[in-house]
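Pasted below: start01.pdb, PDB, C-alpha atoms and all ligand atoms.
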```pdb
ATOM      1  CA  MET A   1      17.641  12.251 -24.173  1.00  0.00           C
ATOM      2  CA  LYS A   2      15.485   9.499 -22.693  1.00  0.00           C
ATOM      3  CA  PRO A   3      14.965   9.478 -18.918  1.00  0.00           C
ATOM      4  CA  VAL A   4      17.358   7.062 -17.232  1.00  0.00           C
ATOM      5  CA  ALA A   5      16.215   4.261 -14.921  1.00  0.00           C
ATOM      6  CA  VAL A   6      18.767   2.350 -12.863  1.00  0.00           C
ATOM      7  CA  VAL A   7      17.779  -1.174 -11.834  1.00  0.00           C
ATOM      8  CA  THR A   8      19.936  -3.160  -9.416  1.00  0.00           C
ATOM      9  CA  GLY A   9      19.930  -6.928  -9.198  1.00  0.00           C
ATOM     10  CA  ALA A  10      19.075  -6.905 -12.901  1.00  0.00           C
ATOM     11  CA  SER A  11      20.662 -10.197 -13.868  1.00  0.00           C
ATOM     12  CA  SER A  12      17.553 -12.285 -13.201  1.00  0.00           C
ATOM     13  CA  GLY A  13      14.035 -12.413 -11.763  1.00  0.00           C
ATOM     14  CA  ILE A  14      12.280  -9.188 -10.775  1.00  0.00           C
ATOM     15  CA  GLY A  15      15.283  -7.029 -11.699  1.00  0.00           C
ATOM     16  CA  ALA A  16      15.635  -8.396 -15.220  1.00  0.00           C
ATOM     17  CA  ALA A  17      11.878  -8.233 -15.853  1.00  0.00           C
ATOM     18  CA  THR A  18      11.797  -4.629 -14.600  1.00  0.00           C
ATOM     19  CA  ALA A  19      14.767  -3.557 -16.706  1.00  0.00           C
ATOM     20  CA  LEU A  20      13.114  -4.954 -19.810  1.00  0.00           C
ATOM     21  CA  LEU A  21       9.678  -3.496 -19.086  1.00  0.00           C
ATOM     22  CA  LEU A  22      11.044  -0.020 -18.348  1.00  0.00           C
ATOM     23  CA  ALA A  23      13.121  -0.118 -21.567  1.00  0.00           C
ATOM     24  CA  GLU A  24       9.973  -1.094 -23.476  1.00  0.00           C
ATOM     25  CA  ASN A  25       8.250   1.900 -21.908  1.00  0.00           C
ATOM     26  CA  GLY A  26      10.687   4.560 -23.066  1.00  0.00           C
ATOM     27  CA  PHE A  27      13.382   4.578 -20.396  1.00  0.00           C
ATOM     28  CA  HIS A  28      17.080   4.257 -21.055  1.00  0.00           C
ATOM     29  CA  VAL A  29      17.829   1.532 -18.520  1.00  0.00           C
ATOM     30  CA  VAL A  30      21.118   1.046 -16.721  1.00  0.00           C
ATOM     31  CA  ALA A  31      20.937  -2.581 -15.613  1.00  0.00           C
ATOM     32  CA  VAL A  32      23.258  -3.240 -12.707  1.00  0.00           C
ATOM     33  CA  ALA A  33      24.321  -6.648 -11.405  1.00  0.00           C
ATOM     34  CA  ARG A  34      27.346  -8.822 -10.648  1.00  0.00           C
ATOM     35  CA  ARG A  35      27.076 -11.381 -13.475  1.00  0.00           C
ATOM     36  CA  PRO A  36      28.267 -10.070 -16.878  1.00  0.00           C
ATOM     37  CA  GLU A  37      26.960 -12.988 -18.930  1.00  0.00           C
ATOM     38  CA  ARG A  38      23.430 -12.594 -17.518  1.00  0.00           C
ATOM     39  CA  LEU A  39      23.524  -8.850 -18.161  1.00  0.00           C
ATOM     40  CA  ALA A  40      24.663  -9.452 -21.749  1.00  0.00           C
ATOM     41  CA  GLU A  41      21.656 -11.757 -22.302  1.00  0.00           C
ATOM     42  CA  LEU A  42      19.363  -9.073 -20.950  1.00  0.00           C
ATOM     43  CA  ALA A  43      20.895  -6.291 -23.053  1.00  0.00           C
ATOM     44  CA  ALA A  44      20.444  -8.432 -26.174  1.00  0.00           C
ATOM     45  CA  LYS A  45      16.672  -8.265 -25.632  1.00  0.00           C
ATOM     46  CA  HIS A  46      16.370  -4.466 -25.975  1.00  0.00           C
ATOM     47  CA  ASN A  47      18.627  -1.729 -27.301  1.00  0.00           C
ATOM     48  CA  GLY A  48      17.440   0.621 -24.543  1.00  0.00           C
ATOM     49  CA  ILE A  49      19.384  -1.387 -21.950  1.00  0.00           C
ATOM     50  CA  GLU A  50      22.918  -0.460 -20.949  1.00  0.00           C
ATOM     51  CA  THR A  51      24.709  -2.716 -18.484  1.00  0.00           C
ATOM     52  CA  LEU A  52      27.107  -2.149 -15.631  1.00  0.00           C
ATOM     53  CA  VAL A  53      28.791  -4.969 -13.737  1.00  0.00           C
ATOM     54  CA  ILE A  54      28.998  -3.970 -10.094  1.00  0.00           C
ATOM     55  CA  ASP A  55      28.348  -5.457  -6.689  1.00  0.00           C
ATOM     56  CA  VAL A  56      26.168  -3.226  -4.486  1.00  0.00           C
ATOM     57  CA  THR A  57      28.001  -4.505  -1.412  1.00  0.00           C
ATOM     58  CA  SER A  58      31.210  -2.825  -2.643  1.00  0.00           C
ATOM     59  CA  GLN A  59      31.519   0.914  -2.050  1.00  0.00           C
ATOM     60  CA  GLN A  60      34.244   1.070  -4.726  1.00  0.00           C
ATOM     61  CA  ASP A  61      31.923  -0.545  -7.262  1.00  0.00           C
ATOM     62  CA  VAL A  62      29.075   1.817  -6.438  1.00  0.00           C
ATOM     63  CA  ALA A  63      31.440   4.775  -6.976  1.00  0.00           C
ATOM     64  CA  VAL A  64      31.699   3.584 -10.600  1.00  0.00           C
ATOM     65  CA  LEU A  65      27.915   3.869 -10.840  1.00  0.00           C
ATOM     66  CA  THR A  66      28.069   7.495  -9.681  1.00  0.00           C
ATOM     67  CA  GLU A  67      30.781   8.255 -12.232  1.00  0.00           C
ATOM     68  CA  ARG A  68      28.833   6.644 -15.072  1.00  0.00           C
ATOM     69  CA  LEU A  69      25.613   8.508 -14.288  1.00  0.00           C
ATOM     70  CA  SER A  70      26.823  11.900 -13.187  1.00  0.00           C
ATOM     71  CA  GLY A  71      25.050  14.654 -15.158  1.00  0.00           C
ATOM     72  CA  LYS A  72      22.595  12.212 -16.784  1.00  0.00           C
ATOM     73  CA  PRO A  73      18.815  12.598 -16.444  1.00  0.00           C
ATOM     74  CA  VAL A  74      18.419   9.810 -13.891  1.00  0.00           C
ATOM     75  CA  GLU A  75      14.752   9.708 -12.909  1.00  0.00           C
ATOM     76  CA  VAL A  76      14.306   6.238 -11.466  1.00  0.00           C
ATOM     77  CA  LEU A  77      16.309   4.003  -9.150  1.00  0.00           C
ATOM     78  CA  VAL A  78      14.919   0.547  -8.468  1.00  0.00           C
ATOM     79  CA  CYS A  79      16.725  -0.958  -5.458  1.00  0.00           C
ATOM     80  CA  ASN A  80      16.046  -4.589  -6.155  1.00  0.00           C
ATOM     81  CA  ALA A  81      19.362  -6.342  -5.426  1.00  0.00           C
ATOM     82  CA  GLY A  82      18.922  -8.613  -2.440  1.00  0.00           C
ATOM     83  CA  GLY A  83      17.952 -12.078  -1.396  1.00  0.00           C
ATOM     84  CA  ALA A  84      17.699 -14.636   1.371  1.00  0.00           C
ATOM     85  CA  PHE A  85      20.590 -16.967   2.155  1.00  0.00           C
ATOM     86  CA  ASP A  86      19.255 -19.295   4.815  1.00  0.00           C
ATOM     87  CA  PHE A  87      16.117 -20.829   6.259  1.00  0.00           C
ATOM     88  CA  ASP A  88      17.201 -21.484   9.818  1.00  0.00           C
ATOM     89  CA  MET A  89      15.821 -21.005  13.283  1.00  0.00           C
ATOM     90  CA  VAL A  90      17.500 -18.102  15.036  1.00  0.00           C
ATOM     91  CA  ILE A  91      19.250 -20.376  17.511  1.00  0.00           C
ATOM     92  CA  ASP A  92      20.735 -22.447  14.685  1.00  0.00           C
ATOM     93  CA  SER A  93      21.549 -19.557  12.356  1.00  0.00           C
ATOM     94  CA  ASP A  94      24.942 -18.319  11.213  1.00  0.00           C
ATOM     95  CA  PRO A  95      25.652 -14.704  12.227  1.00  0.00           C
ATOM     96  CA  GLU A  96      27.764 -14.285   9.076  1.00  0.00           C
ATOM     97  CA  LEU A  97      24.684 -14.968   6.968  1.00  0.00           C
ATOM     98  CA  TRP A  98      22.758 -12.341   8.942  1.00  0.00           C
ATOM     99  CA  MET A  99      25.510  -9.862   8.063  1.00  0.00           C
ATOM    100  CA  LYS A 100      25.498 -10.896   4.397  1.00  0.00           C
ATOM    101  CA  THR A 101      21.702 -10.601   4.195  1.00  0.00           C
ATOM    102  CA  TYR A 102      21.697  -7.170   5.826  1.00  0.00           C
ATOM    103  CA  ASP A 103      24.570  -5.970   3.660  1.00  0.00           C
ATOM    104  CA  VAL A 104      23.057  -6.796   0.290  1.00  0.00           C
ATOM    105  CA  ASN A 105      19.424  -5.947   1.087  1.00  0.00           C
ATOM    106  CA  VAL A 106      19.767  -2.873   3.293  1.00  0.00           C
ATOM    107  CA  VAL A 107      23.263  -1.386   3.029  1.00  0.00           C
ATOM    108  CA  GLY A 108      23.439  -2.127  -0.705  1.00  0.00           C
ATOM    109  CA  SER A 109      20.283  -0.049  -1.161  1.00  0.00           C
ATOM    110  CA  VAL A 110      21.736   2.709   1.029  1.00  0.00           C
ATOM    111  CA  ARG A 111      24.914   2.800  -1.093  1.00  0.00           C
ATOM    112  CA  CYS A 112      22.921   3.109  -4.334  1.00  0.00           C
ATOM    113  CA  ILE A 113      20.588   5.743  -2.872  1.00  0.00           C
ATOM    114  CA  LYS A 114      23.584   7.807  -1.723  1.00  0.00           C
ATOM    115  CA  ALA A 115      25.072   7.483  -5.220  1.00  0.00           C
ATOM    116  CA  ILE A 116      21.945   8.366  -7.202  1.00  0.00           C
ATOM    117  CA  VAL A 117      19.748  10.725  -5.169  1.00  0.00           C
ATOM    118  CA  PRO A 118      22.174  13.689  -5.502  1.00  0.00           C
ATOM    119  CA  ILE A 119      22.082  13.165  -9.291  1.00  0.00           C
ATOM    120  CA  MET A 120      18.261  13.193  -9.155  1.00  0.00           C
ATOM    121  CA  SER A 121      18.342  16.377  -7.072  1.00  0.00           C
ATOM    122  CA  GLY A 122      20.551  18.020  -9.709  1.00  0.00           C
ATOM    123  CA  HIS A 123      18.158  16.876 -12.425  1.00  0.00           C
ATOM    124  CA  GLY A 124      15.160  18.210 -10.469  1.00  0.00           C
ATOM    125  CA  LYS A 125      13.180  15.000 -10.566  1.00  0.00           C
ATOM    126  CA  GLY A 126      13.461  11.449  -9.283  1.00  0.00           C
ATOM    127  CA  HIS A 127      11.822   8.309  -7.963  1.00  0.00           C
ATOM    128  CA  VAL A 128      13.417   5.737  -5.654  1.00  0.00           C
ATOM    129  CA  VAL A 129      11.638   2.386  -5.659  1.00  0.00           C
ATOM    130  CA  ILE A 130      12.711  -0.046  -2.962  1.00  0.00           C
ATOM    131  CA  ILE A 131      11.715  -3.669  -3.419  1.00  0.00           C
ATOM    132  CA  THR A 132      11.070  -4.998   0.061  1.00  0.00           C
ATOM    133  CA  SER A 133       8.899  -8.032   0.801  1.00  0.00           C
ATOM    134  CA  THR A 134       5.939  -9.097   2.883  1.00  0.00           C
ATOM    135  CA  ALA A 135       8.778 -10.384   5.101  1.00  0.00           C
ATOM    136  CA  GLY A 136       9.185  -6.709   5.990  1.00  0.00           C
ATOM    137  CA  GLN A 137       5.712  -6.711   7.542  1.00  0.00           C
ATOM    138  CA  VAL A 138       5.502  -9.915   9.561  1.00  0.00           C
ATOM    139  CA  ALA A 139       7.902 -12.467  10.979  1.00  0.00           C
ATOM    140  CA  TYR A 140       7.867 -16.134  10.126  1.00  0.00           C
ATOM    141  CA  GLU A 141       9.682 -19.139  11.514  1.00  0.00           C
ATOM    142  CA  ASN A 142      13.120 -19.789  10.012  1.00  0.00           C
ATOM    143  CA  GLY A 143      13.031 -16.429   8.253  1.00  0.00           C
ATOM    144  CA  GLY A 144      14.961 -14.417  10.873  1.00  0.00           C
ATOM    145  CA  SER A 145      17.856 -13.016   8.842  1.00  0.00           C
ATOM    146  CA  TYR A 146      15.682 -12.121   5.854  1.00  0.00           C
ATOM    147  CA  VAL A 147      12.740 -10.861   7.928  1.00  0.00           C
ATOM    148  CA  ALA A 148      15.056  -8.598   9.901  1.00  0.00           C
ATOM    149  CA  ALA A 149      16.744  -7.251   6.763  1.00  0.00           C
ATOM    150  CA  LYS A 150      13.436  -6.598   5.023  1.00  0.00           C
ATOM    151  CA  HIS A 151      12.072  -4.789   8.090  1.00  0.00           C
ATOM    152  CA  GLY A 152      15.262  -2.703   7.840  1.00  0.00           C
ATOM    153  CA  GLU A 153      14.598  -1.907   4.211  1.00  0.00           C
ATOM    154  CA  VAL A 154      11.044  -0.784   5.032  1.00  0.00           C
ATOM    155  CA  ALA A 155      12.517   1.546   7.661  1.00  0.00           C
ATOM    156  CA  LEU A 156      14.960   2.841   5.047  1.00  0.00           C
ATOM    157  CA  ALA A 157      12.123   3.702   2.636  1.00  0.00           C
ATOM    158  CA  ARG A 158      10.130   5.486   5.348  1.00  0.00           C
ATOM    159  CA  THR A 159      13.121   7.447   6.608  1.00  0.00           C
ATOM    160  CA  LEU A 160      14.215   8.465   3.128  1.00  0.00           C
ATOM    161  CA  ARG A 161      10.734   9.758   2.241  1.00  0.00           C
ATOM    162  CA  LEU A 162      10.742  11.980   5.323  1.00  0.00           C
ATOM    163  CA  GLU A 163      14.231  13.272   4.640  1.00  0.00           C
ATOM    164  CA  LEU A 164      13.473  14.080   0.998  1.00  0.00           C
ATOM    165  CA  SER A 165      10.381  16.065   1.932  1.00  0.00           C
ATOM    166  CA  GLY A 166      10.321  19.249  -0.139  1.00  0.00           C
ATOM    167  CA  GLN A 167      12.383  17.743  -2.965  1.00  0.00           C
ATOM    168  CA  PRO A 168      10.761  16.521  -6.196  1.00  0.00           C
ATOM    169  CA  ILE A 169      11.785  12.944  -5.468  1.00  0.00           C
ATOM    170  CA  ARG A 170       9.284  10.179  -4.861  1.00  0.00           C
ATOM    171  CA  VAL A 171       9.940   7.163  -2.634  1.00  0.00           C
ATOM    172  CA  THR A 172       7.977   3.965  -3.096  1.00  0.00           C
ATOM    173  CA  GLU A 173       8.214   0.659  -1.306  1.00  0.00           C
ATOM    174  CA  ILE A 174       6.869  -2.380  -3.131  1.00  0.00           C
ATOM    175  CA  ALA A 175       6.384  -5.469  -0.973  1.00  0.00           C
ATOM    176  CA  PRO A 176       5.871  -8.664  -2.954  1.00  0.00           C
ATOM    177  CA  GLY A 177       4.578 -11.811  -1.295  1.00  0.00           C
ATOM    178  CA  MET A 178       4.966 -15.182  -3.000  1.00  0.00           C
ATOM    179  CA  VAL A 179       6.752 -14.658  -6.309  1.00  0.00           C
ATOM    180  CA  LYS A 180       8.032 -17.666  -8.224  1.00  0.00           C
ATOM    181  CA  THR A 181      11.378 -16.751  -9.769  1.00  0.00           C
ATOM    182  CA  ASP A 182      14.235 -18.916 -10.974  1.00  0.00           C
ATOM    183  CA  GLU A 183      16.586 -18.090  -8.150  1.00  0.00           C
ATOM    184  CA  PHE A 184      15.055 -16.705  -4.927  1.00  0.00           C
ATOM    185  CA  ALA A 185      14.093 -19.979  -3.228  1.00  0.00           C
ATOM    186  CA  LEU A 186      17.010 -21.852  -4.765  1.00  0.00           C
ATOM    187  CA  THR A 187      19.491 -19.379  -3.272  1.00  0.00           C
ATOM    188  CA  ARG A 188      17.767 -19.523   0.090  1.00  0.00           C
ATOM    189  CA  PHE A 189      18.033 -23.327   0.153  1.00  0.00           C
ATOM    190  CA  SER A 190      21.635 -23.380  -1.151  1.00  0.00           C
ATOM    191  CA  GLY A 191      20.656 -24.930  -4.482  1.00  0.00           C
ATOM    192  CA  ASP A 192      18.393 -27.678  -3.067  1.00  0.00           C
ATOM    193  CA  ARG A 193      15.731 -27.895  -5.804  1.00  0.00           C
ATOM    194  CA  GLU A 194      13.406 -30.143  -3.828  1.00  0.00           C
ATOM    195  CA  LYS A 195      13.213 -27.776  -0.866  1.00  0.00           C
ATOM    196  CA  ALA A 196      12.844 -24.783  -3.174  1.00  0.00           C
ATOM    197  CA  ALA A 197      10.002 -26.427  -5.108  1.00  0.00           C
ATOM    198  CA  LYS A 198       8.079 -27.140  -1.870  1.00  0.00           C
ATOM    199  CA  ILE A 199       7.620 -23.402  -1.309  1.00  0.00           C
ATOM    200  CA  TYR A 200       5.354 -23.192  -4.358  1.00  0.00           C
ATOM    201  CA  ALA A 201       3.857 -26.695  -4.170  1.00  0.00           C
ATOM    202  CA  GLY A 202       0.142 -26.705  -5.007  1.00  0.00           C
ATOM    203  CA  VAL A 203      -0.049 -22.920  -5.372  1.00  0.00           C
ATOM    204  CA  ALA A 204      -2.102 -22.440  -8.509  1.00  0.00           C
ATOM    205  CA  LYS A 205      -0.495 -19.213  -9.642  1.00  0.00           C
ATOM    206  CA  PRO A 206       2.252 -17.576  -7.618  1.00  0.00           C
ATOM    207  CA  LEU A 207       3.141 -14.058  -8.764  1.00  0.00           C
ATOM    208  CA  THR A 208       5.764 -13.869 -11.511  1.00  0.00           C
ATOM    209  CA  ASP A 209       8.685 -11.484 -11.882  1.00  0.00           C
ATOM    210  CA  ALA A 210       6.738  -9.826 -14.710  1.00  0.00           C
ATOM    211  CA  ASP A 211       3.824  -9.152 -12.313  1.00  0.00           C
ATOM    212  CA  VAL A 212       6.113  -7.301  -9.923  1.00  0.00           C
ATOM    213  CA  ALA A 213       7.742  -5.438 -12.819  1.00  0.00           C
ATOM    214  CA  GLU A 214       4.292  -4.226 -13.875  1.00  0.00           C
ATOM    215  CA  ALA A 215       3.643  -2.838 -10.371  1.00  0.00           C
ATOM    216  CA  ILE A 216       6.965  -0.992 -10.563  1.00  0.00           C
ATOM    217  CA  ARG A 217       6.249   0.331 -14.062  1.00  0.00           C
ATOM    218  CA  TRP A 218       2.815   1.576 -12.979  1.00  0.00           C
ATOM    219  CA  SER A 219       4.239   3.335  -9.918  1.00  0.00           C
ATOM    220  CA  VAL A 220       6.995   5.143 -11.818  1.00  0.00           C
ATOM    221  CA  MET A 221       4.762   6.147 -14.736  1.00  0.00           C
ATOM    222  CA  LEU A 222       2.133   7.820 -12.579  1.00  0.00           C
ATOM    223  CA  PRO A 223       1.962  11.629 -12.730  1.00  0.00           C
ATOM    224  CA  GLU A 224       4.825  13.256 -10.840  1.00  0.00           C
ATOM    225  CA  HIS A 225       2.705  14.503  -7.914  1.00  0.00           C
ATOM    226  CA  PHE A 226       1.345  10.986  -7.281  1.00  0.00           C
ATOM    227  CA  ASN A 227       3.428   8.934  -4.817  1.00  0.00           C
ATOM    228  CA  ILE A 228       2.749   5.328  -3.939  1.00  0.00           C
ATOM    229  CA  ASP A 229       4.207   5.070  -0.417  1.00  0.00           C
ATOM    230  CA  SER A 230       3.817   1.353  -0.106  1.00  0.00           C
ATOM    231  CA  MET A 231       2.264  -1.388  -2.178  1.00  0.00           C
ATOM    232  CA  THR A 232       1.772  -4.988  -1.011  1.00  0.00           C
ATOM    233  CA  ILE A 233       1.208  -7.499  -3.779  1.00  0.00           C
ATOM    234  CA  ARG A 234       0.466 -11.193  -3.408  1.00  0.00           C
ATOM    235  CA  PRO A 235      -1.021 -13.994  -5.470  1.00  0.00           C
ATOM    236  CA  VAL A 236      -4.728 -14.589  -4.780  1.00  0.00           C
ATOM    237  CA  ALA A 237      -3.754 -17.949  -3.267  1.00  0.00           C
ATOM    238  CA  GLN A 238      -1.836 -16.181  -0.487  1.00  0.00           C
ATOM    239  CA  ALA A 239      -4.367 -14.466   1.777  1.00  0.00           C
ATOM    240  CA  ALA A 240      -1.648 -13.736   4.339  1.00  0.00           C
ATOM    241  CA  GLN A 241       1.964 -14.768   4.955  1.00  0.00           C
ATOM    242  CA  HIS A 242       0.913 -17.991   6.710  1.00  0.00           C
ATOM    243  CA  LYS A 243      -2.348 -18.524   4.825  1.00  0.00           C
ATOM    244  CA  VAL A 244      -1.547 -20.073   1.455  1.00  0.00           C
ATOM    245  CA  HIS A 245      -4.141 -22.052  -0.451  1.00  0.00           C
ATOM    246  CA  ARG A 246      -2.570 -25.185  -1.915  1.00  0.00           C
ATOM    247  CA  VAL A 247      -4.266 -27.663  -4.233  1.00  0.00           C
ATOM    248  CA  GLN A 248      -3.201 -31.235  -3.405  1.00  0.00           C
TER     249      GLN A 248
HETATM  250  C1  LIG B   1       9.876 -13.205  -0.563  1.00  0.00           C
HETATM  251  C2  LIG B   1       8.602 -13.486   0.120  1.00  0.00           C
HETATM  252  O1  LIG B   1       7.433 -14.946   1.858  1.00  0.00           O
HETATM  253  O2  LIG B   1       9.562 -15.739   1.017  1.00  0.00           O
HETATM  254  O3  LIG B   1      10.298 -11.900  -0.372  1.00  0.00           O
HETATM  255  O4  LIG B   1       9.481 -13.898   2.540  1.00  0.00           O
HETATM  256  S1  LIG B   1       8.800 -14.561   1.432  1.00  0.00           S
END
```

So, in terms of structure tokens, how does the structure I just supplied come out?
Amino acid sequence: MKPVAVVTGASSGIGAATALLLAENGFHVVAVARRPERLAELAAKHNGIETLVIDVTSQQDVAVLTERLSGKPVEVLVCNAGGAFDFDMVIDSDPELWMKTYDVNVVGSVRCIKAIVPIMSGHGKGHVVIITSTAGQVAYENGGSYVAAKHGEVALARTLRLELSGQPIRVTEIAPGMVKTDEFALTRFSGDREKAAKIYAGVAKPLTDADVAEAIRWSVMLPEHFNIDSMTIRPVAQAAQHKVHRVQ
């Protein structure tokens, strides 16, 4: 039986690209997301992709994931589900959106880790990949809710690695900088295309979801003793969070 890789947030962007790339590289992929029609489109691209419609913010839904995977050779979990839902100064921000951001990015990952790591332990092998962000390294104006959640996710990766010491389970954090996907900026700006487009204005080549998927594929296909703790990836045009080269 092929090794199983679970990818959350697989309906678009980095998650969808990762699901496809891992399927192309010999994994049986369980692609997890909320939107059935998007998952069906993804599954149509490769017969190594199985889909499961769940919301990582629901403990009941995640229990279905455990049931589906129990006893299977699950070797990889990519905690990718997440996102940003505002771009507001702290003093103007909505506490409910802070909760929502923390729930999907941090607690959603915790739920999936709790569901899958025991299965990996039983299988005697595993790799948890947590997709954080450069927002987990530095703060930026108007980023409060997302910056805080991504710092939380970095802490989760570090804590988990310590706690799994002695078990054959790797823990990797991948922190992408500017990645141009169909939905990230659009969701953050509540569907305002003009505001979303400004994020990437003049940037010659932002990273793509396929670029991030390749970093994930490389990390999980390394020899088993070889653990990438943390990997920061950015486009060349982004020397640092606030230092982006834009062509006018
Ligand atoms: C996305 C990168 O710079 O918008 O995770 O926070 S950034």

Counting all atoms listed in the file, give me one row per residue of chain A with an atom at most 8 Å from an atom of ligand LIG 1 (chain B), showing the shortest contact pair and its distance in Å to one decimal, sorted by chain then residue number, as a tab-separated table.
```
residue	atom	partner	partner_atom	distance
A:Gly83	CA	B:LIG1	O3	7.7
A:Thr132	CA	B:LIG1	O3	7.0
A:Ser133	CA	B:LIG1	O3	4.3
A:Thr134	CA	B:LIG1	C2	5.8
A:Ala135	CA	B:LIG1	O4	4.4
A:Gly136	CA	B:LIG1	O4	8.0
A:Gly143	CA	B:LIG1	O4	7.2
A:Tyr146	CA	B:LIG1	O4	7.3
A:Val147	CA	B:LIG1	O4	7.0
A:Ala175	CA	B:LIG1	O3	7.6
A:Pro176	CA	B:LIG1	O3	6.1
A:Gly177	CA	B:LIG1	C2	4.6
A:Met178	CA	B:LIG1	C2	5.1
A:Val179	CA	B:LIG1	C1	6.7
A:Phe184	CA	B:LIG1	C1	7.6
A:Ala185	CA	B:LIG1	O2	7.5
A:Gln241	CA	B:LIG1	O1	6.3
```

task = Name the residues captured by the PyMOL selection byres (((chain A and resi 169) around 6) and not hetatm) when it is applied to the shown file; answer as a list in words.
result = Lys125, Gly126, His127, Gln167, Pro168 and Arg170 of chain A

File of the preceding selection, C-alpha atoms, as a PDB file, keeping the file's coordinate frame:
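Once everything was written out, this is again-v3.pdb:
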```pdb
ATOM      1  CA  LYS A 125      13.180  15.000 -10.566  1.00  0.00           C
ATOM      2  CA  GLY A 126      13.461  11.449  -9.283  1.00  0.00           C
ATOM      3  CA  HIS A 127      11.822   8.309  -7.963  1.00  0.00           C
ATOM      4  CA  GLN A 167      12.383  17.743  -2.965  1.00  0.00           C
ATOM      5  CA  PRO A 168      10.761  16.521  -6.196  1.00  0.00           C
ATOM      6  CA  ARG A 170       9.284  10.179  -4.861  1.00  0.00           C
TER       7      ARG A 170
END
```

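Candidate residues A:Ile174, A:Val74, A:Ile49, A:Leu65 were compared for distance to Ala215 of chain A, and the nearest is A:Ile174, using all atoms listed in the file.
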
inquiry  = If the PyMOL selection byres (((chain A and resi 29) around 7) and not hetatm) were run on this exact file, what residues would it hold? Put them as a PyMOL selection string.
reply    = chain A and resi 4-6+19+22-23+27-28+30-31+48-50

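In terms of minimum interatomic distance to Ile113 of chain A, A:Val7 ranks closest within A:Ala213, A:Ala139, A:Ala197, A:Val7, counting only C-alpha atoms.
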
Given only C-alpha atoms, how would the per-residue table for segment 113-210 of chain A near segment 90-108 of chain A read, listing every residue at most 9 Å away with its closest atom pair and distance in Å to one decimal, sorted by chain and number, as JSON lines?
```
{"residue": "A:Ile113", "atom": "CA", "partner": "A:Gly108", "partner_atom": "CA", "distance": 8.6}
{"residue": "A:Thr132", "atom": "CA", "partner": "A:Asn105", "partner_atom": "CA", "distance": 8.5}
{"residue": "A:Glu141", "atom": "CA", "partner": "A:Val90", "partner_atom": "CA", "distance": 8.6}
{"residue": "A:Asn142", "atom": "CA", "partner": "A:Val90", "partner_atom": "CA", "distance": 6.9}
{"residue": "A:Gly143", "atom": "CA", "partner": "A:Val90", "partner_atom": "CA", "distance": 8.3}
{"residue": "A:Gly144", "atom": "CA", "partner": "A:Val90", "partner_atom": "CA", "distance": 6.1}
{"residue": "A:Ser145", "atom": "CA", "partner": "A:Trp98", "partner_atom": "CA", "distance": 4.9}
{"residue": "A:Tyr146", "atom": "CA", "partner": "A:Thr101", "partner_atom": "CA", "distance": 6.4}
{"residue": "A:Ala148", "atom": "CA", "partner": "A:Tyr102", "partner_atom": "CA", "distance": 7.9}
{"residue": "A:Ala149", "atom": "CA", "partner": "A:Tyr102", "partner_atom": "CA", "distance": 5.0}
{"residue": "A:Lys150", "atom": "CA", "partner": "A:Asn105", "partner_atom": "CA", "distance": 7.2}
{"residue": "A:Gly152", "atom": "CA", "partner": "A:Val106", "partner_atom": "CA", "distance": 6.4}
{"residue": "A:Glu153", "atom": "CA", "partner": "A:Val106", "partner_atom": "CA", "distance": 5.3}
{"residue": "A:Leu156", "atom": "CA", "partner": "A:Val106", "partner_atom": "CA", "distance": 7.7}
```

Test item: residues at most 12 Å from Tyr200 of chain A, all atoms listed in the file, excluding those fewer than 6 positions along its chain, as a PyMOL selection string = chain A and resi 177-182+184-186+193-194+206-208+235+237-238+244-248

query = Contacts of Arg161 of chain A at 6 Å or less, counting only C-alpha atoms, minus same-chain residues fewer than 3 places along, as a PyMOL selection string?
reply = chain A and resi 158+164+171

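Residues with any atom within 10 Å of Ala10 of chain A, counting only C-alpha atoms and excluding same-chain neighbours fewer than 3 positions away, are Val6, Val7, Gly13, Ile14, Gly15, Ala16, Ala17, Thr18, Ala19, Leu20, Val30, Ala31, Val32, Ala33, Arg34, Arg35, Arg38, Leu39, Leu42, Thr51, Leu52, Val53, Val78, Cys79, Asn80 and Ala81 of chain A.
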
Coordinates-based distance that separates atom CA of Glu75 of chain A from atom CA of Pro3 of chain A (Å, one decimal) =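 So the two atoms, atom CA of Pro3 of chain A and atom CA of Glu75 of chain A, lie 6.0 Å apart.
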
inquiry  = Evaluated on this file, the PyMOL selection byres (((chain A and resi 217-222) around 9) and not hetatm) picks out some residues - which ones are they, written as a ChimeraX atom specification?
reply    = /A:18,21-22,25,76,127-129,170,172,212-216,223-228

key: One-decimal distance in Å that lies between atom CA of His123 of chain A and atom CA of Lys45 of chain A   =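 Distance reported for this atom pair: 28.4 Å.
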